[in-house]
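One structure is given here, and the rest of the page talks about it.
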Amino acid sequence: MILDLESGTQRFLVTYSPLQALEPYISGQIMQIHHSRHHQTYVDNLNAATANHVRALQENDVRAQINLQQAIKFNGGGHINHSLFWANLAPADTSQAKPESAPKLTEAISAKYGSYDGFKDEFTGVLLGLQGSGWGWLVKNEKTEQLDIVITKDQDPVVGGLAPIFGIDMWEHAYYLQYFNDKASYVNGIWNIINWDTAEGRYLGGRGGLKL
Ligand SMILES: [Fe+2]
């Protein structure tokens, strides 16, 4: 994680190295561009918008504050979603990428969806049914502790009483250079690199150093 001291915006670095570590499911080229350009742009734009918002607050300019809300929502969401995404992936040959690394979560998944395969099929169907750009998430309702699969459009983050366990980026920039329009193969492959260790920690209530 790196911290921009000027703005206070924290940004997770990818937690695996080299960037080719997720191959063959996600190419090093995609990882490089996705992390250093796409995520970086969300961070840069969030920093600019929050700095302008601070200025608008100091100047008591309510119209300017309102005008900045969409930029903060979109770029702040992009930053949160990508930070979660890097942390919820792991190289396929590691123990973290095995569902056995998440005993409590997989137990809850089986209870709700019948089996791990049943869950995977349902999640895959939701991801492939998404129209346009967005994300698919496994979430836990913080009040009822029930699991659910939800979609967020564009860069909307999971907020309210739902805690994201892990999410899948369904923007074309996440797969197009490698899979072109074959979204199904991207989704099929990504099941091999979910970081179940991180997912278990989030299911049990951990959120790391950031409230993401
Ligand atoms: Fe993305």
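Just remember, in the structure tokens the first chain shown is A, the second B, etc., residues are 1-based per chain, and ligands are 1-based in the order shown.
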- [ ] Would you list the residues that come within 7 Å of ligand 1? Count only C-alpha atoms and all ligand atoms and give the answer as a PyMOL selection string.
- [x] chain A and resi 34+38-39+82+169+171+173-174
Task: Within 10 Å of Asp197 of chain A using only C-alpha atoms, minus same-chain residues under 2 positions, as a VMD selection string - done: chain A and resid 87 to 90 95 to 103 105 194 to 195 199 to 203
TODO: Pick out each residue of segment 28-206 of chain A that DSSP on the backbone tags as alpha helix (DSSP H); I need them as JSON, numbers by chain.
DONE: {"A": [28, 29, 30, 31, 32, 33, 40, 41, 42, 43, 44, 45, 46, 47, 48, 49, 50, 51, 52, 53, 54, 55, 56, 57, 58, 62, 63, 64, 65, 66, 67, 69, 70, 71, 72, 73, 74, 75, 76, 77, 78, 79, 80, 81, 82, 83, 84, 85, 86, 87, 103, 104, 105, 106, 107, 108, 109, 110, 111, 112, 113, 116, 117, 118, 119, 120, 121, 122, 123, 124, 125, 126, 127, 128, 129, 176, 177, 178, 179, 183, 184, 185, 186, 187, 188, 189, 190, 196, 197, 198, 199, 200, 201, 202, 203]}
How close does segment 114-189 of chain A get to segment 18-30 of chain A? List, as CSV, each residue of segment 114-189 of chain A within 12 Å, its nearest atom pair and the distance in Å to one decimal, counting only C-alpha atoms.
residue,atom,partner,partner_atom,distance
A:Asp169,CA,A:Ile26,CA,11.9
A:Glu172,CA,A:Ile30,CA,10.7
A:His173,CA,A:Ile30,CA,7.8
A:Ala174,CA,A:Ile30,CA,6.8
A:Tyr175,CA,A:Ile30,CA,7.1
A:Tyr176,CA,A:Ile30,CA,8.5
A:Leu177,CA,A:Ile30,CA,6.7
A:Gln178,CA,A:Ser27,CA,6.9
A:Tyr179,CA,A:Ile26,CA,9.2
A:Phe180,CA,A:Ile30,CA,11.9
A:Ser185,CA,A:Tyr25,CA,9.0
A:Tyr186,CA,A:Tyr25,CA,7.2
A:Val187,CA,A:Tyr25,CA,9.2
A:Asn188,CA,A:Tyr25,CA,8.9
A:Gly189,CA,A:Tyr25,CA,5.2
- [ ] Would you mind telling me which residue in A:Leu57, A:Asp117, A:Ile193, A:Leu204 lies nearest to Asn141 of chain A when using only C-alpha atoms?
- [x]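 For Asn141 of chain A, the nearest of the given residues is A:Leu204.
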